[in-house]
Amino acid sequence: MAIARQVLCLSAFLSLAHGRSELLRYSVAEEGESGSVVANVAEDAGLAPAQLSARRARLASEDGRQHFRLERGTGRLVVAERLDREELCGQAATCTLPFELVLANPLQFFRVEVAVQDINDHAPVFPEEQVTFKIPETSNPGSRFPLEGARDLDIGSNSIQAYIITPENGCFSVSFGSRIKGKKYVELILEKPLDREEQSEMGFSLIAMDGGSPPRSGTTQIRIIVLDVNDNSPVFAQDVYVGQVLENAPEGSVILSVLATDLDAGSNGDISYEFSQTVSPSDSAFVIDHVSGEIKLTKPLDFETVENHELSVRATDGGGLSAICKVLVEVVDVNDNAPELVVSTFSSPLPENALPGTVVALFTVRDRDSGANGKISCALEDQLSFSLRQAYKNYYELITVSELDREKIAQYILSVTAADAGSPPLTTTQTFTVDISDVNDNAPVFNQTSYTMYVHENNVPTVLVGAVSAADADVGPNAKVTYSLVPAHPTEQPPCSCISVNSENGDVFVLRPLDYELVKQIEVLVSAYDAGSPALSSNVTVRLVVVDENDNAPVVLYPSQDSSPLSGELVPKSAEAGYLVTKVVAVDADSGQNSWLSYHLLRATDPGLFVVGVQSGEVRLRRPVMERDPMKQKLVVLVRDNGQPPLSATASLSALLLSDFSDVHLPQSSLTMEDEGYSLTMYLIISLVFVSILFLASVAAFITHKVCKRKELKDGRVFYDAGNLQTSLVDAATAGTLPHPYCYEISLTTGSGNSEFKFLKPILPSLPPQHCTMGRGTDNEQDFPCDPITMEDVALDKPGTLSAKQFNSLSFH
């Protein structure tokens, strides 16, 4: 079947930010086979066929039916299904199928209208196969007898063009024409008088011919019955009755009444009313009362389906004479149809970086009502990010008007309301759910500005010390956070190898044991970056603080524990309680309370003779020395730190109790002899005897020496090589209170004319020259005077002092 094509491309009628609309018009004959080519849309739209596939071209219609399809490969528009013009448009003068050609990237649509051309595919059909007329024999030539014409669904030249009587009988002819609004009528005309006596009945065929090529026809049989005289036909008061009815009028509503009169009397004057032709489906909503002529509704009317109904009412008297009038029923529109909103295209999800003006949806609105009831306005609920823009006539675009942020609002529910201008207005609401897709525009953010973690020294390898955590406001891969160590500056060395960060969960591990004494704190830079493209990152400082453990025992600095034999301290037997014997000095490499040291007397030859300052480590006499006290005293001082558990060290020292410094010549080896058991008792007895003898000899020698010295002093013939020695130090030496921060050694020789006094480097600061402190930091702390020894004291040989000869024989180192 040949297909006519007519193309009209209109120039752009509306400038759009993201879409362009053009009108393409075509025509096609009905009943075309599926696949028949209508036109090349791509060529008419100025598009290459490749663009149709690339831009996802598709056809969209308001009613959703697809009468045509688009071949993307060639750009041709073809028939998708058989087109029946009468089914699509009925008796309408024109039949146009509108739809849109929609393209994406960028959004563009073309308005396409295809006019369906009628072909002569329907023959005329009479409503009845036989029509009977009862005509009085007195009917005058020229009398007209209306009948219902044939119906032809085609239009224009393909509709009914003529009626023919066959065979021709000379008594009747047929008249064919149009009345109100093109309504067709058919009448039989009596050409000559009838004579019932000659012929009481007659019959012939009435043929309806259309103008198609070839023409089609329909036939009905006409039967004429000649009646006796009834010379007055009914007469209607009006040839045409016009009535109006609201489309929402209820069933049974009276529209109007027709009235006909007959001058005849009796049965010839009784009139009955009926519709003169078979009621079409659209007219079946009416019924007429046969006696009163009232026309009523039998079902609701619909203005949108049929706006006007034309009815033929026949009035027939008892003699068979009849008359016909026309009844025109106008359906008055009421606002009974809400607006319809048809979405042509909708884009969701929408990227959050979409520019303002991006088209989200394209839709059309329509209202089947007419007049003000069919005027539509569209509104979008108050939204700051979206707006409506009219594209063309009843086409609207939903567009963005501001930047979007998925992290603030991930989904928009937009309600578009279409309202007509009726009273009351009817509305239709279409909801658009616009999901916002994520774009990697947020860097990970740590939950703290910096992290401080603690680990005890001597930790086990790969110990977990804490975790860093960063959150990314994006979603999906853009929110997947990975952690790593980075240098603080690009030029720096790689970060510390002793710390590791789990790339998945941010756990921080110390890979090897740490020593607080070597490193107390480590700072590293941890970077968190997401999996977006390009990836975004942020950094945070992690400070690892090493917590000290009590892993270092105290170390005794003085007295030195490496010397053998043990160093000995000289204590005069005349020393009083509180006398400073020595001071134990120790240090601890730990810090804090782990380095707090306390000193305790662990063992001693005579525990009651000595006391140790708990905090100072000073070893002092608890009480005065007695004659019965052993001369050799061994002490073991325990130095303990304050850790948990505490660690300790011991300092071993010895003290020699001397009645006078002349006893110092005793062999040092005797200080280290083991006096245990029976051997110790024997040695004590022998020593006691020896000491007694020595004591008597010493007393005699001392008295003699004292007398001689006094005589020499009086003659002024004594000179002292150590005259420049500070007398306070001599006094301190003779009293046993020489400042212990100085290491010193005394050698006594007889007959020596030289005296040597040497100072070594001080270990602790020296005490003030006029006061000595005992038991610092303890309850035994007390101050006592340190008076210097004068030459007079030496000459007079006062108790507790050295004689001049002994002084000259002293050797200090």
# chains A, B, ... in the order shown; residues from 1 in each chain; ligands from 1

$ residues_around --residues "Leu384 of chain A" --least-positions-apart "3" --cutoff "12 Å" --atoms "only C-alpha atoms" --output "ChimeraX atom specification"
/A:356,380-381,387-388,399-404,412,414

$ closest_residue --among "A:Leu511, A:Ala379, A:Val258, A:Leu635" --to "Ala418 of chain A" --atoms "only C-alpha atoms"
A:Ala379

$ residues_around --residues "Glu340 of chain A" --least-positions-apart "3" --cutoff "9 Å" --atoms "only C-alpha atoms" --output "JSON, numbers by chain"
{"A": [337, 364, 365, 366, 367, 368, 418, 427, 428]}

$ select_by_dssp --residues "segment 423-557 of chain A" --states "strand (DSSP E or B)" --output "PDB file with C-alpha atoms, in the first residue's frame"
ATOM      1  CA  THR A 427      -5.638  18.799  40.760  1.00  0.00           C
ATOM      2  CA  THR A 428      -3.226  16.012  39.993  1.00  0.00           C
ATOM      3  CA  THR A 429       0.045  15.542  41.826  1.00  0.00           C
ATOM      4  CA  GLN A 430       3.054  13.763  40.377  1.00  0.00           C
ATOM      5  CA  THR A 431       5.877  12.845  42.726  1.00  0.00           C
ATOM      6  CA  PHE A 432       9.452  12.734  41.464  1.00  0.00           C
ATOM      7  CA  THR A 433      11.952  10.988  43.718  1.00  0.00           C
ATOM      8  CA  VAL A 434      15.357  12.320  42.713  1.00  0.00           C
ATOM      9  CA  ASP A 435      18.282  10.406  44.173  1.00  0.00           C
ATOM     10  CA  ILE A 436      21.550  12.309  44.316  1.00  0.00           C
ATOM     11  CA  SER A 437      24.559  10.211  43.343  1.00  0.00           C
ATOM     12  CA  VAL A 445      38.155  13.658  58.524  1.00  0.00           C
ATOM     13  CA  PHE A 446      39.791  12.247  61.639  1.00  0.00           C
ATOM     14  CA  SER A 450      45.842  14.577  67.128  1.00  0.00           C
ATOM     15  CA  TYR A 451      46.339  11.258  68.840  1.00  0.00           C
ATOM     16  CA  THR A 452      48.435  10.397  71.867  1.00  0.00           C
ATOM     17  CA  MET A 453      49.087   6.714  72.500  1.00  0.00           C
ATOM     18  CA  TYR A 454      51.073   4.996  75.206  1.00  0.00           C
ATOM     19  CA  VAL A 455      53.202   1.885  75.170  1.00  0.00           C
ATOM     20  CA  HIS A 456      55.223   0.373  77.985  1.00  0.00           C
ATOM     21  CA  VAL A 463      51.623  -4.840  70.069  1.00  0.00           C
ATOM     22  CA  LEU A 464      48.429  -2.865  69.439  1.00  0.00           C
ATOM     23  CA  VAL A 465      48.672   0.547  71.095  1.00  0.00           C
ATOM     24  CA  GLY A 466      45.574   2.269  69.710  1.00  0.00           C
ATOM     25  CA  ALA A 467      43.769   3.191  66.551  1.00  0.00           C
ATOM     26  CA  ALA A 470      38.654   8.889  59.959  1.00  0.00           C
ATOM     27  CA  ALA A 471      35.217   9.206  58.431  1.00  0.00           C
ATOM     28  CA  THR A 482      42.728   3.641  53.744  1.00  0.00           C
ATOM     29  CA  TYR A 483      45.441   4.548  56.242  1.00  0.00           C
ATOM     30  CA  SER A 484      49.184   4.844  55.785  1.00  0.00           C
ATOM     31  CA  LEU A 485      52.251   6.435  57.329  1.00  0.00           C
ATOM     32  CA  VAL A 486      53.705   9.384  55.440  1.00  0.00           C
ATOM     33  CA  ILE A 499      55.415   1.822  63.981  1.00  0.00           C
ATOM     34  CA  SER A 500      52.870   0.390  61.571  1.00  0.00           C
ATOM     35  CA  VAL A 501      49.265   1.327  60.749  1.00  0.00           C
ATOM     36  CA  ASP A 507      45.010   0.114  64.173  1.00  0.00           C
ATOM     37  CA  VAL A 508      48.452   1.332  65.274  1.00  0.00           C
ATOM     38  CA  PHE A 509      51.073  -1.302  66.111  1.00  0.00           C
ATOM     39  CA  VAL A 510      54.563  -1.085  67.603  1.00  0.00           C
ATOM     40  CA  GLN A 521      58.475   9.747  72.500  1.00  0.00           C
ATOM     41  CA  ILE A 522      57.890   9.188  68.770  1.00  0.00           C
ATOM     42  CA  GLU A 523      55.774  11.331  66.465  1.00  0.00           C
ATOM     43  CA  VAL A 524      54.525  10.063  63.110  1.00  0.00           C
ATOM     44  CA  LEU A 525      52.139  11.396  60.481  1.00  0.00           C
ATOM     45  CA  VAL A 526      49.206   9.163  59.493  1.00  0.00           C
ATOM     46  CA  SER A 527      47.410   9.834  56.239  1.00  0.00           C
ATOM     47  CA  ALA A 528      43.828   8.755  55.507  1.00  0.00           C
ATOM     48  CA  TYR A 529      42.826   8.751  51.851  1.00  0.00           C
ATOM     49  CA  SER A 537      43.297  12.671  51.882  1.00  0.00           C
ATOM     50  CA  SER A 538      43.983  14.266  55.246  1.00  0.00           C
ATOM     51  CA  ASN A 539      46.764  13.848  57.798  1.00  0.00           C
ATOM     52  CA  VAL A 540      46.932  13.642  61.572  1.00  0.00           C
ATOM     53  CA  THR A 541      49.837  13.543  64.013  1.00  0.00           C
ATOM     54  CA  VAL A 542      50.150  10.447  66.195  1.00  0.00           C
ATOM     55  CA  ARG A 543      52.333  10.866  69.269  1.00  0.00           C
ATOM     56  CA  LEU A 544      53.578   7.611  70.806  1.00  0.00           C
ATOM     57  CA  VAL A 545      54.674   8.055  74.410  1.00  0.00           C
ATOM     58  CA  VAL A 546      56.926   5.329  75.845  1.00  0.00           C
ATOM     59  CA  VAL A 547      55.951   4.570  79.441  1.00  0.00           C
ATOM     60  CA  VAL A 555      73.701   1.232  90.517  1.00  0.00           C
ATOM     61  CA  VAL A 556      75.951   2.066  93.478  1.00  0.00           C
ATOM     62  CA  LEU A 557      78.437   4.791  92.615  1.00  0.00           C
TER      63      LEU A 557
END

$ decode --residues "segment 461-543 of chain A" --atoms "C-alpha atoms" --output "PDB file, in the first residue's frame"
ATOM      1  CA  PRO A 461      56.612  -7.022  69.056  1.00  0.00           C
ATOM      2  CA  THR A 462      53.534  -6.011  67.007  1.00  0.00           C
ATOM      3  CA  VAL A 463      51.623  -4.840  70.069  1.00  0.00           C
ATOM      4  CA  LEU A 464      48.429  -2.865  69.439  1.00  0.00           C
ATOM      5  CA  VAL A 465      48.672   0.547  71.095  1.00  0.00           C
ATOM      6  CA  GLY A 466      45.574   2.269  69.710  1.00  0.00           C
ATOM      7  CA  ALA A 467      43.769   3.191  66.551  1.00  0.00           C
ATOM      8  CA  VAL A 468      43.108   6.216  64.422  1.00  0.00           C
ATOM      9  CA  SER A 469      39.724   6.679  62.826  1.00  0.00           C
ATOM     10  CA  ALA A 470      38.654   8.889  59.959  1.00  0.00           C
ATOM     11  CA  ALA A 471      35.217   9.206  58.431  1.00  0.00           C
ATOM     12  CA  ASP A 472      34.354  10.264  54.900  1.00  0.00           C
ATOM     13  CA  ALA A 473      31.011  11.938  54.290  1.00  0.00           C
ATOM     14  CA  ASP A 474      30.843  10.410  50.800  1.00  0.00           C
ATOM     15  CA  VAL A 475      29.454   6.930  50.110  1.00  0.00           C
ATOM     16  CA  GLY A 476      30.559   3.831  48.274  1.00  0.00           C
ATOM     17  CA  PRO A 477      34.175   3.725  47.044  1.00  0.00           C
ATOM     18  CA  ASN A 478      34.457   7.443  47.709  1.00  0.00           C
ATOM     19  CA  ALA A 479      33.973   6.732  51.436  1.00  0.00           C
ATOM     20  CA  LYS A 480      36.346   3.775  51.716  1.00  0.00           C
ATOM     21  CA  VAL A 481      39.204   5.053  53.872  1.00  0.00           C
ATOM     22  CA  THR A 482      42.728   3.641  53.744  1.00  0.00           C
ATOM     23  CA  TYR A 483      45.441   4.548  56.242  1.00  0.00           C
ATOM     24  CA  SER A 484      49.184   4.844  55.785  1.00  0.00           C
ATOM     25  CA  LEU A 485      52.251   6.435  57.329  1.00  0.00           C
ATOM     26  CA  VAL A 486      53.705   9.384  55.440  1.00  0.00           C
ATOM     27  CA  PRO A 487      56.712  11.668  56.008  1.00  0.00           C
ATOM     28  CA  ALA A 488      55.898  14.999  57.582  1.00  0.00           C
ATOM     29  CA  HIS A 489      57.551  16.700  54.595  1.00  0.00           C
ATOM     30  CA  PRO A 490      58.188  15.307  51.104  1.00  0.00           C
ATOM     31  CA  THR A 491      61.946  15.657  51.525  1.00  0.00           C
ATOM     32  CA  GLU A 492      62.084  13.805  54.837  1.00  0.00           C
ATOM     33  CA  GLN A 493      63.157  10.231  55.368  1.00  0.00           C
ATOM     34  CA  PRO A 494      60.509   7.486  55.468  1.00  0.00           C
ATOM     35  CA  PRO A 495      58.559   7.350  58.748  1.00  0.00           C
ATOM     36  CA  CYS A 496      59.756   5.350  61.738  1.00  0.00           C
ATOM     37  CA  SER A 497      60.019   1.656  60.953  1.00  0.00           C
ATOM     38  CA  CYS A 498      59.028   0.694  64.472  1.00  0.00           C
ATOM     39  CA  ILE A 499      55.415   1.822  63.981  1.00  0.00           C
ATOM     40  CA  SER A 500      52.870   0.390  61.571  1.00  0.00           C
ATOM     41  CA  VAL A 501      49.265   1.327  60.749  1.00  0.00           C
ATOM     42  CA  ASN A 502      46.662  -1.147  59.537  1.00  0.00           C
ATOM     43  CA  SER A 503      45.528   0.225  56.202  1.00  0.00           C
ATOM     44  CA  GLU A 504      41.991  -1.077  56.648  1.00  0.00           C
ATOM     45  CA  ASN A 505      40.954  -0.181  60.206  1.00  0.00           C
ATOM     46  CA  GLY A 506      43.628   2.281  61.358  1.00  0.00           C
ATOM     47  CA  ASP A 507      45.010   0.114  64.173  1.00  0.00           C
ATOM     48  CA  VAL A 508      48.452   1.332  65.274  1.00  0.00           C
ATOM     49  CA  PHE A 509      51.073  -1.302  66.111  1.00  0.00           C
ATOM     50  CA  VAL A 510      54.563  -1.085  67.603  1.00  0.00           C
ATOM     51  CA  LEU A 511      56.633  -3.559  65.653  1.00  0.00           C
ATOM     52  CA  ARG A 512      59.623  -3.979  67.980  1.00  0.00           C
ATOM     53  CA  PRO A 513      60.421  -3.505  71.663  1.00  0.00           C
ATOM     54  CA  LEU A 514      61.212   0.046  72.767  1.00  0.00           C
ATOM     55  CA  ASP A 515      63.536   1.243  75.491  1.00  0.00           C
ATOM     56  CA  TYR A 516      62.400   4.258  77.481  1.00  0.00           C
ATOM     57  CA  GLU A 517      65.981   5.059  78.332  1.00  0.00           C
ATOM     58  CA  LEU A 518      66.769   5.400  74.604  1.00  0.00           C
ATOM     59  CA  VAL A 519      63.583   6.950  73.245  1.00  0.00           C
ATOM     60  CA  LYS A 520      60.815   8.550  75.228  1.00  0.00           C
ATOM     61  CA  GLN A 521      58.475   9.747  72.500  1.00  0.00           C
ATOM     62  CA  ILE A 522      57.890   9.188  68.770  1.00  0.00           C
ATOM     63  CA  GLU A 523      55.774  11.331  66.465  1.00  0.00           C
ATOM     64  CA  VAL A 524      54.525  10.063  63.110  1.00  0.00           C
ATOM     65  CA  LEU A 525      52.139  11.396  60.481  1.00  0.00           C
ATOM     66  CA  VAL A 526      49.206   9.163  59.493  1.00  0.00           C
ATOM     67  CA  SER A 527      47.410   9.834  56.239  1.00  0.00           C
ATOM     68  CA  ALA A 528      43.828   8.755  55.507  1.00  0.00           C
ATOM     69  CA  TYR A 529      42.826   8.751  51.851  1.00  0.00           C
ATOM     70  CA  ASP A 530      39.654   7.577  50.160  1.00  0.00           C
ATOM     71  CA  ALA A 531      39.166   5.459  47.040  1.00  0.00           C
ATOM     72  CA  GLY A 532      37.718   8.220  44.896  1.00  0.00           C
ATOM     73  CA  SER A 533      39.180   9.437  41.633  1.00  0.00           C
ATOM     74  CA  PRO A 534      41.096  11.547  42.250  1.00  0.00           C
ATOM     75  CA  ALA A 535      41.621  10.407  45.829  1.00  0.00           C
ATOM     76  CA  LEU A 536      41.300  12.935  48.659  1.00  0.00           C
ATOM     77  CA  SER A 537      43.297  12.671  51.882  1.00  0.00           C
ATOM     78  CA  SER A 538      43.983  14.266  55.246  1.00  0.00           C
ATOM     79  CA  ASN A 539      46.764  13.848  57.798  1.00  0.00           C
ATOM     80  CA  VAL A 540      46.932  13.642  61.572  1.00  0.00           C
ATOM     81  CA  THR A 541      49.837  13.543  64.013  1.00  0.00           C
ATOM     82  CA  VAL A 542      50.150  10.447  66.195  1.00  0.00           C
ATOM     83  CA  ARG A 543      52.333  10.866  69.269  1.00  0.00           C
TER      84      ARG A 543
END
